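Pasting data-v3.txt here (compact mmCIF, C-alpha atoms):
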```txt
# COMPACT_ATOMS: atom_id res chain seq x y z
CA MET Q 48 0.00 0.00 0.00
CA ALA Q 49 0.89 3.63 -0.51
CA THR Q 50 3.92 2.85 -2.63
CA PRO Q 51 4.38 5.59 -5.21
CA ASN Q 52 4.56 4.47 -8.81
CA LYS Q 53 8.13 4.07 -9.89
CA LYS Q 54 7.59 4.31 -13.60
CA GLU Q 55 5.50 7.46 -13.71
CA THR Q 56 5.83 8.73 -17.25
CA PRO Q 57 5.78 12.51 -17.70
CA LEU Q 58 2.56 14.27 -18.56
CA THR Q 59 2.58 14.96 -22.29
CA MET Q 60 0.08 15.89 -24.94
CA ASP Q 61 -0.03 12.20 -25.87
CA VAL Q 62 -1.97 11.36 -22.74
CA PHE Q 63 -4.81 13.49 -24.03
CA THR Q 64 -4.64 12.82 -27.77
CA ALA Q 65 -4.22 9.03 -27.57
CA GLY Q 66 -7.89 8.56 -26.80
CA LEU Q 67 -8.99 10.86 -29.60
CA TRP Q 68 -7.74 8.82 -32.50
CA LYS Q 69 -4.78 6.48 -32.03
CA GLU Q 70 -6.51 4.48 -29.30
CA ASN Q 71 -10.04 5.57 -30.11
CA PRO Q 72 -12.23 3.51 -27.78
CA VAL Q 73 -14.78 2.66 -30.44
CA PHE Q 74 -12.92 2.28 -33.72
CA VAL Q 75 -9.68 0.85 -32.41
CA MET Q 76 -10.45 -0.85 -29.12
CA MET Q 77 -14.09 -1.80 -29.84
CA LEU Q 78 -15.17 -0.90 -26.32
CA GLY Q 79 -18.57 0.30 -25.20
CA LEU Q 80 -20.32 -0.68 -28.41
CA CYS Q 81 -23.82 -0.98 -26.99
CA PRO Q 82 -24.54 2.75 -26.57
CA VAL Q 83 -22.59 3.50 -29.74
CA LEU Q 84 -25.11 1.61 -31.81
CA ALA Q 85 -28.22 2.08 -29.75
CA VAL Q 86 -28.48 5.84 -29.36
CA THR Q 87 -26.81 7.10 -32.53
CA ASN Q 88 -29.93 7.48 -34.62
CA SER Q 89 -29.50 11.25 -34.43
CA VAL Q 90 -26.68 13.72 -33.74
CA GLU Q 91 -28.53 15.21 -30.79
CA ASN Q 92 -28.81 11.86 -29.02
CA SER Q 93 -25.17 11.10 -29.80
CA LEU Q 94 -24.02 14.38 -28.26
CA ALA Q 95 -26.13 13.86 -25.14
CA MET Q 96 -24.85 10.31 -24.71
CA GLY Q 97 -21.29 11.50 -25.29
CA ALA Q 98 -21.62 14.25 -22.69
CA ALA Q 99 -23.09 11.85 -20.13
CA SER Q 100 -20.32 9.35 -20.78
CA ILE Q 101 -17.60 12.01 -20.50
CA PHE Q 102 -19.00 13.12 -17.16
CA VAL Q 103 -19.12 9.60 -15.74
CA LEU Q 104 -15.75 8.66 -17.22
CA VAL Q 105 -13.93 11.74 -15.89
CA CYS Q 106 -15.54 11.71 -12.43
CA SER Q 107 -15.15 7.99 -11.83
CA ASN Q 108 -11.59 7.90 -13.12
CA ALA Q 109 -10.70 10.90 -10.94
CA LEU Q 110 -12.13 9.20 -7.85
CA VAL Q 111 -10.57 5.82 -8.66
CA SER Q 112 -7.22 7.49 -9.19
CA ALA Q 113 -7.50 9.51 -5.98
CA LEU Q 114 -8.36 6.39 -3.99
CA ARG Q 115 -6.00 4.04 -5.82
CA ASN Q 116 -3.75 3.52 -2.80
CA PHE Q 117 -6.64 2.81 -0.45
CA ILE Q 118 -8.61 0.25 -2.46
CA PRO Q 119 -7.65 -3.33 -1.57
CA LYS Q 120 -6.70 -5.33 -4.65
CA GLN Q 121 -9.18 -8.16 -4.04
CA VAL Q 122 -12.29 -6.02 -4.14
CA ARG Q 123 -11.16 -3.39 -6.64
CA ILE Q 124 -13.53 -4.30 -9.48
CA THR Q 125 -16.52 -4.21 -7.15
CA THR Q 126 -15.37 -0.86 -5.79
CA TYR Q 127 -14.94 0.57 -9.29
CA ILE Q 128 -18.39 -0.63 -10.32
CA ILE Q 129 -19.97 0.96 -7.24
CA ILE Q 130 -18.15 4.26 -7.88
CA ILE Q 131 -19.31 4.22 -11.50
CA ALA Q 132 -22.87 3.31 -10.53
CA THR Q 133 -22.98 6.27 -8.14
CA PHE Q 134 -22.04 8.75 -10.86
CA VAL Q 135 -24.41 7.14 -13.35
CA THR Q 136 -27.26 7.53 -10.87
CA LEU Q 137 -26.29 11.22 -10.63
CA VAL Q 138 -26.31 11.67 -14.40
CA ASP Q 139 -29.59 9.81 -14.64
CA TYR Q 140 -31.29 12.25 -12.27
CA ILE Q 141 -29.58 15.31 -13.78
CA ILE Q 142 -30.79 14.49 -17.30
CA GLN Q 143 -34.26 13.79 -15.98
CA ALA Q 144 -34.27 17.24 -14.36
CA VAL Q 145 -32.80 19.12 -17.33
CA SER Q 146 -34.72 17.57 -20.21
CA LEU Q 147 -37.35 14.91 -19.72
CA ASP Q 148 -37.76 14.70 -23.49
CA LEU Q 149 -34.12 13.72 -23.97
CA TYR Q 150 -34.37 11.30 -21.06
CA ASN Q 151 -37.26 9.49 -22.70
CA LYS Q 152 -35.38 9.29 -26.02
CA LEU Q 153 -32.26 7.78 -24.48
CA GLY Q 154 -34.32 5.48 -22.27
CA ALA Q 155 -32.52 2.79 -20.32
CA PHE Q 156 -29.24 3.54 -22.03
CA ILE Q 157 -28.36 6.27 -19.54
CA GLN Q 158 -28.48 3.73 -16.74
CA LEU Q 159 -26.67 1.21 -18.87
CA ILE Q 160 -23.58 3.46 -18.87
CA VAL Q 161 -22.73 1.49 -15.71
CA VAL Q 162 -21.86 -1.55 -17.75
CA ASN Q 163 -20.07 0.37 -20.50
CA CYS Q 164 -16.85 -1.63 -20.64
CA LEU Q 165 -14.95 1.51 -21.70
CA ILE Q 166 -15.39 3.14 -18.29
CA LEU Q 167 -14.53 0.09 -16.21
CA GLY Q 168 -11.71 -0.71 -18.60
CA ARG Q 169 -10.12 2.74 -18.21
CA ALA Q 170 -10.54 2.62 -14.44
CA GLU Q 171 -8.78 -0.73 -14.27
CA ALA Q 172 -6.15 -0.16 -16.94
CA TYR Q 173 -5.28 3.50 -16.43
CA ALA Q 174 -6.75 5.33 -13.46
CA SER Q 175 -5.76 2.67 -10.95
CA LYS Q 176 -2.10 3.07 -11.93
CA ASN Q 177 -1.66 6.76 -12.73
CA SER Q 178 -1.73 10.09 -10.96
CA PHE Q 179 -4.88 12.13 -10.50
CA THR Q 180 -4.13 14.80 -13.14
CA LYS Q 181 -3.06 12.29 -15.77
CA SER Q 182 -6.10 10.10 -15.18
CA VAL Q 183 -8.43 13.07 -15.55
CA ILE Q 184 -6.75 14.27 -18.74
CA SER Q 185 -6.66 10.81 -20.24
CA ALA Q 186 -10.30 10.22 -19.32
CA LEU Q 187 -11.20 13.51 -20.98
CA GLY Q 188 -9.37 12.45 -24.15
CA MET Q 189 -11.02 9.03 -24.17
CA GLY Q 190 -14.41 10.57 -23.54
CA LEU Q 191 -13.98 13.04 -26.40
CA GLY Q 192 -12.81 10.22 -28.67
CA PHE Q 193 -15.92 8.26 -27.70
CA THR Q 194 -18.13 11.27 -28.42
CA LEU Q 195 -16.38 11.81 -31.76
CA ALA Q 196 -17.18 8.23 -32.75
CA LEU Q 197 -20.79 8.62 -31.60
CA VAL Q 198 -21.21 11.80 -33.65
CA MET Q 199 -19.56 10.25 -36.71
CA LEU Q 200 -22.12 7.45 -36.58
CA GLY Q 201 -25.03 9.64 -35.60
CA GLY Q 202 -24.26 12.15 -38.37
CA VAL Q 203 -24.30 9.56 -41.13
CA ARG Q 204 -27.38 7.83 -39.79
CA GLU Q 205 -29.39 11.01 -39.31
CA LEU Q 206 -28.35 12.42 -42.69
CA LEU Q 207 -29.28 9.30 -44.63
CA GLY Q 208 -32.14 8.18 -42.44
CA ALA Q 209 -33.99 11.47 -42.10
CA GLY Q 210 -32.27 13.88 -44.50
CA GLN Q 211 -31.52 16.13 -41.54
CA LEU Q 212 -28.56 17.13 -39.43
CA LEU Q 213 -29.19 18.31 -35.85
CA GLY Q 214 -32.80 18.79 -36.84
CA TYR Q 215 -32.04 21.05 -39.87
CA GLN Q 216 -33.24 19.82 -43.25
CA ILE Q 217 -30.19 19.14 -45.43
CA PHE Q 218 -31.63 17.33 -48.41
CA SER Q 219 -34.58 18.69 -50.36
CA THR Q 220 -38.01 17.29 -49.61
CA ASN Q 221 -37.76 15.08 -52.70
CA PHE Q 222 -35.22 12.97 -50.84
CA GLU Q 223 -36.67 9.64 -49.82
CA PRO Q 224 -35.21 8.87 -46.36
CA TRP Q 225 -33.44 5.55 -45.95
CA ILE Q 226 -35.50 4.41 -42.99
CA VAL Q 227 -33.25 1.41 -42.48
CA MET Q 228 -30.43 3.72 -41.35
CA ILE Q 229 -32.38 4.81 -38.28
CA LEU Q 230 -33.45 1.25 -37.50
CA PRO Q 231 -31.08 -1.20 -35.75
CA PRO Q 232 -29.50 -2.72 -38.91
CA GLY Q 233 -28.33 0.74 -39.99
CA GLY Q 234 -26.24 1.05 -36.83
CA PHE Q 235 -24.36 -2.16 -37.52
CA ILE Q 236 -23.87 -1.38 -41.19
CA VAL Q 237 -22.68 2.23 -40.70
CA LEU Q 238 -20.20 1.14 -38.03
CA GLY Q 239 -19.02 -1.64 -40.35
CA VAL Q 240 -18.49 0.84 -43.20
CA TRP Q 241 -16.60 3.28 -40.95
CA LEU Q 242 -14.34 0.45 -39.79
CA LEU Q 243 -13.71 -0.62 -43.39
CA LEU Q 244 -12.84 2.99 -44.34
CA ILE Q 245 -10.49 3.39 -41.38
CA ASN Q 246 -8.79 0.08 -42.15
CA TYR Q 247 -8.39 1.19 -45.78
CA VAL Q 248 -6.85 4.56 -44.84
CA GLU Q 249 -4.51 2.92 -42.34
CA GLU Q 250 -3.41 0.40 -44.94
CA GLN Q 251 -2.72 3.12 -47.53
CA ARG Q 252 -0.71 5.06 -44.98
CA ALA Q 253 1.32 2.00 -44.01
CA GLU Q 254 2.08 1.30 -47.68
CA LYS Q 255 3.13 4.93 -48.21
CA ILE Q 256 5.56 4.76 -45.29
CA ILE Q 257 7.06 1.55 -46.63
CA ASN Q 258 7.46 3.12 -50.09
CA GLU Q 259 9.05 6.30 -48.71
CA ASP Q 260 11.49 4.22 -46.73
CA ALA Q 261 12.31 2.18 -49.79
CA VAL Q 262 13.02 5.11 -52.16
CA PRO Q 263 16.14 6.63 -50.53
CA HIS Q 264 17.46 3.16 -49.96
CA ASN Q 265 17.22 2.43 -53.70
CA THR Q 266 18.86 5.72 -54.75
CA ALA Q 267 21.71 5.17 -52.33
CA SER Q 268 22.48 1.79 -53.82
CA MET K 143 -52.06 -12.02 -29.06
CA ASN K 144 -52.39 -10.40 -25.69
CA PRO K 145 -49.19 -8.38 -25.10
CA GLU K 146 -49.37 -9.21 -21.39
CA SER K 147 -49.44 -12.97 -21.87
CA LEU K 148 -46.41 -15.00 -20.81
CA SER K 149 -45.90 -16.60 -24.19
CA PHE K 150 -45.95 -13.23 -25.94
CA ILE K 151 -43.42 -11.75 -23.53
CA PHE K 152 -41.14 -14.72 -24.15
CA LEU K 153 -41.52 -14.52 -27.92
CA SER K 154 -41.01 -10.79 -27.96
CA ALA K 155 -37.75 -10.96 -25.99
CA PHE K 156 -36.64 -13.96 -28.03
CA LEU K 157 -37.33 -12.81 -31.59
CA ILE K 158 -39.17 -9.53 -32.10
CA ASN K 159 -37.06 -7.36 -29.82
CA ASN K 160 -34.04 -9.61 -29.81
CA PHE K 161 -31.66 -8.29 -27.17
CA VAL K 162 -28.59 -8.29 -29.35
CA LEU K 163 -29.89 -7.55 -32.81
CA ALA K 164 -32.70 -5.12 -32.11
CA LEU K 165 -31.88 -3.53 -28.76
CA PHE K 166 -28.05 -3.58 -29.05
CA LEU K 167 -27.47 -5.11 -25.64
CA GLY K 168 -24.62 -7.49 -24.93
CA LEU K 169 -22.57 -6.56 -27.98
CA CYS K 170 -19.19 -7.06 -26.31
CA PRO K 171 -19.56 -10.84 -25.87
CA PHE K 172 -21.43 -10.94 -29.21
CA VAL K 173 -18.30 -9.67 -30.97
CA GLY K 174 -15.76 -11.15 -28.56
CA VAL K 175 -16.95 -14.73 -28.01
CA SER K 176 -18.53 -15.54 -31.36
CA ALA K 177 -15.42 -16.90 -33.06
CA LYS K 178 -16.21 -20.56 -32.34
CA ARG K 179 -19.56 -22.31 -32.07
CA ASP K 180 -18.70 -24.39 -28.96
CA THR K 181 -17.59 -21.41 -26.91
CA ALA K 182 -20.53 -19.39 -28.15
CA PHE K 183 -22.92 -22.14 -27.01
CA ASN K 184 -21.36 -22.44 -23.54
CA MET K 185 -21.26 -18.68 -23.19
CA SER K 186 -24.93 -18.36 -24.04
CA LEU K 187 -25.82 -21.05 -21.48
CA ALA K 188 -23.90 -19.27 -18.72
CA THR K 189 -25.35 -15.90 -19.69
CA ALA K 190 -28.89 -17.22 -19.79
CA PHE K 191 -28.45 -18.74 -16.35
CA VAL K 192 -27.07 -15.54 -14.82
CA MET K 193 -29.88 -13.62 -16.51
CA PHE K 194 -32.50 -15.89 -14.95
CA VAL K 195 -30.98 -15.74 -11.44
CA SER K 196 -30.39 -12.00 -11.46
CA SER K 197 -33.79 -11.21 -12.94
CA THR K 198 -35.68 -13.18 -10.27
CA CYS K 199 -33.54 -11.71 -7.48
CA SER K 200 -33.83 -8.16 -8.82
CA TYR K 201 -37.61 -8.57 -8.81
CA ALA K 202 -37.41 -9.27 -5.06
CA ILE K 203 -34.94 -6.43 -4.45
CA ASN K 204 -37.12 -3.99 -6.33
CA LEU K 205 -40.05 -4.90 -4.08
CA VAL K 206 -37.97 -4.17 -0.99
CA LEU K 207 -36.60 -0.90 -2.38
CA THR K 208 -40.03 0.36 -3.44
CA ASN K 209 -41.35 -0.54 -0.01
CA PHE K 210 -38.79 1.67 1.72
CA ASP K 211 -38.81 4.47 -0.92
CA LEU K 212 -35.20 3.83 -1.87
CA GLU K 213 -35.57 3.74 -5.67
CA PHE K 214 -32.42 5.79 -6.19
CA LEU K 215 -30.41 2.82 -4.93
CA ARG K 216 -31.87 0.57 -7.61
CA LEU K 217 -28.98 0.76 -10.06
CA ILE K 218 -26.31 0.19 -7.43
CA SER K 219 -28.12 -2.77 -5.87
CA TYR K 220 -28.81 -4.37 -9.27
CA ILE K 221 -25.19 -4.20 -10.29
CA ALA K 222 -24.04 -5.59 -6.93
CA LEU K 223 -26.61 -8.35 -7.33
CA ILE K 224 -25.38 -9.24 -10.81
CA ALA K 225 -21.76 -9.30 -9.66
CA SER K 226 -22.64 -11.67 -6.85
CA SER K 227 -24.75 -13.97 -9.02
CA VAL K 228 -21.86 -14.22 -11.47
CA GLN K 229 -19.69 -15.19 -8.52
CA LEU K 230 -22.31 -17.79 -7.56
CA VAL K 231 -22.41 -19.28 -11.05
CA GLU K 232 -18.63 -19.39 -11.03
CA MET K 233 -18.55 -21.36 -7.76
CA VAL K 234 -21.32 -23.75 -8.82
CA LEU K 235 -19.64 -24.45 -12.15
CA LYS K 236 -16.24 -24.96 -10.53
CA LYS K 237 -17.75 -27.52 -8.19
CA PHE K 238 -20.03 -29.45 -10.54
CA SER K 239 -18.53 -29.01 -13.99
CA PRO K 240 -14.83 -28.11 -13.95
CA VAL K 241 -14.60 -28.83 -17.69
CA LEU K 242 -17.14 -26.17 -18.58
CA PHE K 243 -15.56 -23.85 -16.03
CA ARG K 244 -12.22 -24.08 -17.78
CA ALA K 245 -13.75 -23.78 -21.24
CA LEU K 246 -15.38 -20.47 -20.36
CA GLY K 247 -12.29 -19.08 -18.65
CA ILE K 248 -12.09 -15.31 -18.57
CA PHE K 249 -15.51 -14.83 -20.16
CA LEU K 250 -17.29 -15.97 -17.02
CA PRO K 251 -16.31 -12.99 -14.80
CA LEU K 252 -16.87 -10.69 -17.78
CA ILE K 253 -20.58 -11.57 -17.75
CA THR K 254 -20.82 -8.95 -14.98
CA THR K 255 -20.31 -6.18 -17.52
CA ASN K 256 -22.70 -7.71 -20.05
CA CYS K 257 -25.28 -4.99 -20.51
CA ALA K 258 -27.93 -7.50 -21.58
CA ILE K 259 -28.19 -8.74 -18.00
CA LEU K 260 -28.57 -5.33 -16.42
CA GLY K 261 -30.87 -4.52 -19.33
CA VAL K 262 -33.23 -7.38 -18.43
CA ALA K 263 -33.40 -6.20 -14.81
CA LEU K 264 -33.98 -2.57 -15.78
CA PHE K 265 -36.56 -3.27 -18.49
CA GLN K 266 -38.64 -5.59 -16.34
CA THR K 267 -38.73 -2.89 -13.66
CA SER K 268 -39.65 -0.07 -16.01
CA ARG K 269 -42.35 -2.16 -17.70
CA GLY K 270 -43.76 -3.23 -14.33
CA TYR K 271 -43.77 -6.98 -14.99
CA ASP K 272 -45.02 -9.25 -12.21
CA PHE K 273 -43.02 -12.26 -11.05
CA LEU K 274 -44.08 -14.78 -13.71
CA GLN K 275 -43.77 -12.21 -16.48
CA SER K 276 -40.23 -11.40 -15.30
CA VAL K 277 -39.29 -15.08 -15.39
CA SER K 278 -40.69 -15.47 -18.89
CA PHE K 279 -38.97 -12.25 -20.01
CA SER K 280 -35.57 -13.30 -18.69
CA LEU K 281 -35.85 -16.76 -20.24
CA GLY K 282 -36.78 -15.22 -23.58
CA ALA K 283 -33.94 -12.73 -23.41
CA GLY K 284 -31.45 -15.49 -22.56
CA ALA K 285 -32.67 -17.64 -25.44
CA GLY K 286 -32.54 -14.68 -27.81
CA PHE K 287 -28.99 -13.84 -26.80
CA GLY K 288 -28.00 -17.47 -27.34
CA LEU K 289 -29.69 -17.62 -30.74
CA ALA K 290 -27.96 -14.46 -31.97
CA ILE K 291 -24.49 -15.39 -30.77
CA ILE K 292 -24.69 -18.97 -32.10
CA LEU K 293 -25.93 -17.79 -35.52
CA MET K 294 -23.08 -15.27 -35.62
CA ALA K 295 -20.51 -17.91 -34.62
CA GLY K 296 -21.71 -20.16 -37.42
CA LEU K 297 -21.34 -17.36 -39.96
CA ARG K 298 -17.90 -16.41 -38.70
CA GLU K 299 -16.70 -20.02 -38.92
CA LYS K 300 -17.67 -19.96 -42.60
CA LEU K 301 -15.83 -16.65 -43.08
CA GLU K 302 -12.63 -18.19 -41.73
CA LEU K 303 -12.54 -20.45 -44.77
CA SER K 304 -13.13 -17.79 -47.39
CA ASN K 305 -10.67 -15.50 -49.09
CA LEU K 306 -11.12 -11.93 -47.89
CA PRO K 307 -9.34 -8.64 -48.58
CA ASN K 308 -7.07 -7.29 -45.83
CA ILE K 309 -9.21 -4.33 -44.89
CA THR K 310 -12.08 -6.55 -43.76
CA GLN K 311 -9.91 -7.90 -40.95
CA ALA K 312 -10.93 -7.59 -37.31
CA ALA K 313 -14.45 -6.48 -36.55
CA ALA K 314 -15.39 -4.62 -39.73
CA LEU K 315 -16.95 -7.57 -41.51
CA SER K 316 -18.54 -8.93 -38.33
CA MET K 317 -20.42 -5.65 -38.05
CA MET K 318 -21.71 -5.91 -41.61
CA LEU K 319 -22.80 -9.50 -40.94
CA ALA K 320 -24.54 -8.42 -37.75
CA GLY K 321 -26.31 -5.72 -39.78
CA ILE K 322 -27.64 -8.28 -42.23
CA LEU K 323 -28.68 -10.62 -39.39
CA SER K 324 -30.43 -7.73 -37.73
CA LEU K 325 -32.19 -6.94 -40.99
CA THR K 326 -33.55 -10.49 -41.16
CA PHE K 327 -34.68 -10.33 -37.54
CA MET K 328 -36.69 -7.22 -38.37
CA GLY K 329 -38.93 -9.53 -40.33
CA PHE K 330 -40.22 -10.87 -37.02
CA ALA K 331 -41.63 -7.42 -36.25
CA GLY K 332 -44.68 -8.59 -38.16
CA LEU K 333 -45.52 -10.91 -35.26
CA GLY K 334 -46.57 -7.91 -33.22
CA THR K 335 -45.02 -5.03 -31.34
CA VAL K 336 -44.38 -4.51 -27.70
CA ALA K 337 -44.95 -1.22 -25.95
```
Taking this structure as input, can you express it in the form of structure tokens?
Amino acid sequence: MATPNKKETPLTMDVFTAGLWKENPVFVMMLGLCPVLAVTNSVENSLAMGAASIFVLVCSNALVSALRNFIPKQVRITTYIIIIATFVTLVDYIIQAVSLDLYNKLGAFIQLIVVNCLILGRAEAYASKNSFTKSVISALGMGLGFTLALVMLGGVRELLGAGQLLGYQIFSTNFEPWIVMILPPGGFIVLGVWLLLINYVEEQRAEKIINEDAVPHNTAS
Amino acid sequence: MNPESLSFIFLSAFLINNFVLALFLGLCPFVGVSAKRDTAFNMSLATAFVMFVSSTCSYAINLVLTNFDLEFLRLISYIALIASSVQLVEMVLKKFSPVLFRALGIFLPLITTNCAILGVALFQTSRGYDFLQSVSFSLGAGAGFGLAIILMAGLREKLELSNLPNITQAAALSMMLAGILSLTFMGFAGLGTVA
């Protein structure tokens, strides 16, 4: 107990940006998929879900990190879950108070943030080992990355499924909405397409790096 | 059909509002454990059992909490309940079927963070099901989860044998497959809707 971490890496910009893209919780680590697919039928819902998740993620990681030297190893997962559940209950009541309409749209998925593996995963893998400031910053990055992914999905689904974006009509009224995009299958398919696109871009980039490395080598010989 | 009847509740959780493919609950094990049919089958058995135990217990807990006006503790007590029933299943399996216990390995404790299980408990509370309806609902949800994950495992075993481009590696193609499965399950919506 109370032994300071020996290998405390310095606080850099990487701590924050890793969650945004390089280790994006949704596209790279495939964590917390349930809310990603369930509530992204519009941008508004995605933003609300993202904000709620950021709040829970940052608060619970801050508390876990602050208490990391006091939590016995054997019961740590239970403790984390209880900490997370407390903050989720808070968010649940806050959203109910602020906008009942939004609360009804998101339904049980606010409460289901408790079992979002992203939050427990970050508490176990990062906050329980790192300092308070770093945990908060990393949680913020991860949360923003999660929200980014939610909005990327929600944007495509709302645009194609309703011809709108954030409630504003984008396509003319002649546009026949692709209802399937708002329904469950659309969620799976849009996420699949995004993953394919990201894989394609990553592959192109990897090839480019290999080619660039190869060119000076060839000219030298 | 009467939407309150036990058979309709079962059918609705099983097919019409399938937990994985229509409500997006329990996606982590759906993607993570669906590589082989055997593991998928064992996983769905364990999940269904935990679902049944935690749903019946959460019905009792909800009665107590409502009695004392402590509804704000609902979420915390449900999650503690699920964690302990997973522990229970783990101990029972270890004692009576060590083979199955070893086959499931790490996935057993991970059932705790399966949102389908908390989902069952939360939905039955918000819909105000009585005891028998809760039992039927949890059995239907467990069977639906099993059906989805076993179907997916079968498809993925076929994919292993086919020649695919590099960019469809990892989860990308699984998601597309799940989309198509979900599209077929929407056909069951014709059986009736649930409020």
| request: Would you work out the distance separating atom CA of Gln216 of chain Q from atom CA of Asn88 of chain Q, expressed in Å to one decimal? | output: 15.4 Å
| message | At a cut-off of 10 Å, which residues of chain K touch chain Q? Count all atoms listed in the file and give the answer as a PyMOL selection string. | response | chain K and resi 162-170+173-174+214-222+225-226+252+254-261+264-265+268+308-328
| message | For Gly188 of chain Q, find every residue with an atom within 10 Å (counting all atoms listed in the file), except residues of its own chain fewer than 3 positions away, and show them as a list in words. | response | Asp61, Val62, Phe63, Thr64, Ala65, Gly66, Leu67, Trp68, Glu70, Asn71, Ile101, Val105, Ser182, Val183, Ile184, Ser185, Leu191, Gly192, Phe193 and Thr194 of chain Q
| query | Any idea what's packed within 10 Å of Gln211 of chain Q, counting only C-alpha atoms, ignoring anything in its chain fewer than 6 positions away? Could you give it as a count of residues only? | reply | 10
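Across the model, the gap from atom CA of Leu195 of chain Q to atom CA of Ala209 of chain Q is 20.4 Å.
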| request: Determine, counting all atoms listed in the file, which protein, DNA and RNA residues have an atom within 10 Å of an atom of Glu91 of chain Q; residues of the same chain fewer than 4 positions away are not included. Present the result as an MDAnalysis selection string. | output: chainID Q and resid 86:87 95:97 149 198 201:202 205 212:214
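The interatomic distance for the pair atom CA of Leu223 of chain K and atom CA of Leu148 of chain K works out to 24.9 Å.
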What box, with edges along x, y and z, holds each listed atom of segment 258-266 of chain K when 5 Å is added on every side, and can you state its centre and edge lengths in Å to one decimal, as AutoDock Vina command-line options?
```
--center_x -33.3 --center_y -5.7 --center_z -18.2 --size_x 20.7 --size_y 16.2 --size_z 16.8
```
| What's the 10 Å shell around segment 276-278 of chain K, counting only C-alpha atoms, without same-chain residues fewer than 5 positions away, as number ranges by chain? | K: 147-153, 155, 193-195, 197-198, 200-201, 262-263, 265-267, 269-271, 283-284
| Looking at only C-alpha atoms, which of K:Leu301, K:Val192, K:Leu293, K:Val175 is the one that sits closest to Val234 of chain K? |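 Using only C-alpha atoms, Val234 of chain K sits closest to K:Val192.
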| Polymer residues at most 8 Å from (-22.4, -17.2, -36.0) by all atoms listed in the file, as a ChimeraX atom specification | /K:176-179,290-299
Dump of C-alpha atoms for the selected residues, as a compact mmCIF listing (two decimals), keeping the file's coordinate frame:
```txt
# COMPACT_ATOMS: atom_id res chain seq x y z
CA SER K 176 -18.53 -15.54 -31.36
CA ALA K 177 -15.42 -16.90 -33.06
CA LYS K 178 -16.21 -20.56 -32.34
CA ARG K 179 -19.56 -22.31 -32.07
CA ALA K 290 -27.96 -14.46 -31.97
CA ILE K 291 -24.49 -15.39 -30.77
CA ILE K 292 -24.69 -18.97 -32.10
CA LEU K 293 -25.93 -17.79 -35.52
CA MET K 294 -23.08 -15.27 -35.62
CA ALA K 295 -20.51 -17.91 -34.62
CA GLY K 296 -21.71 -20.16 -37.42
CA LEU K 297 -21.34 -17.36 -39.96
CA ARG K 298 -17.90 -16.41 -38.70
CA GLU K 299 -16.70 -20.02 -38.92
```
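Among the candidates K:Phe279, K:Phe183, K:Phe172, K:Phe330, the one nearest to Ala245 of chain K when counting all atoms listed in the file is K:Phe183.
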| query | Which neighbours of Pro251 of chain K fall inside 8 Å, counting all atoms listed in the file, when residues of the same chain fewer than 4 positions from it are skipped, and could you give them as number ranges by chain? | reply | K: 228-229, 232
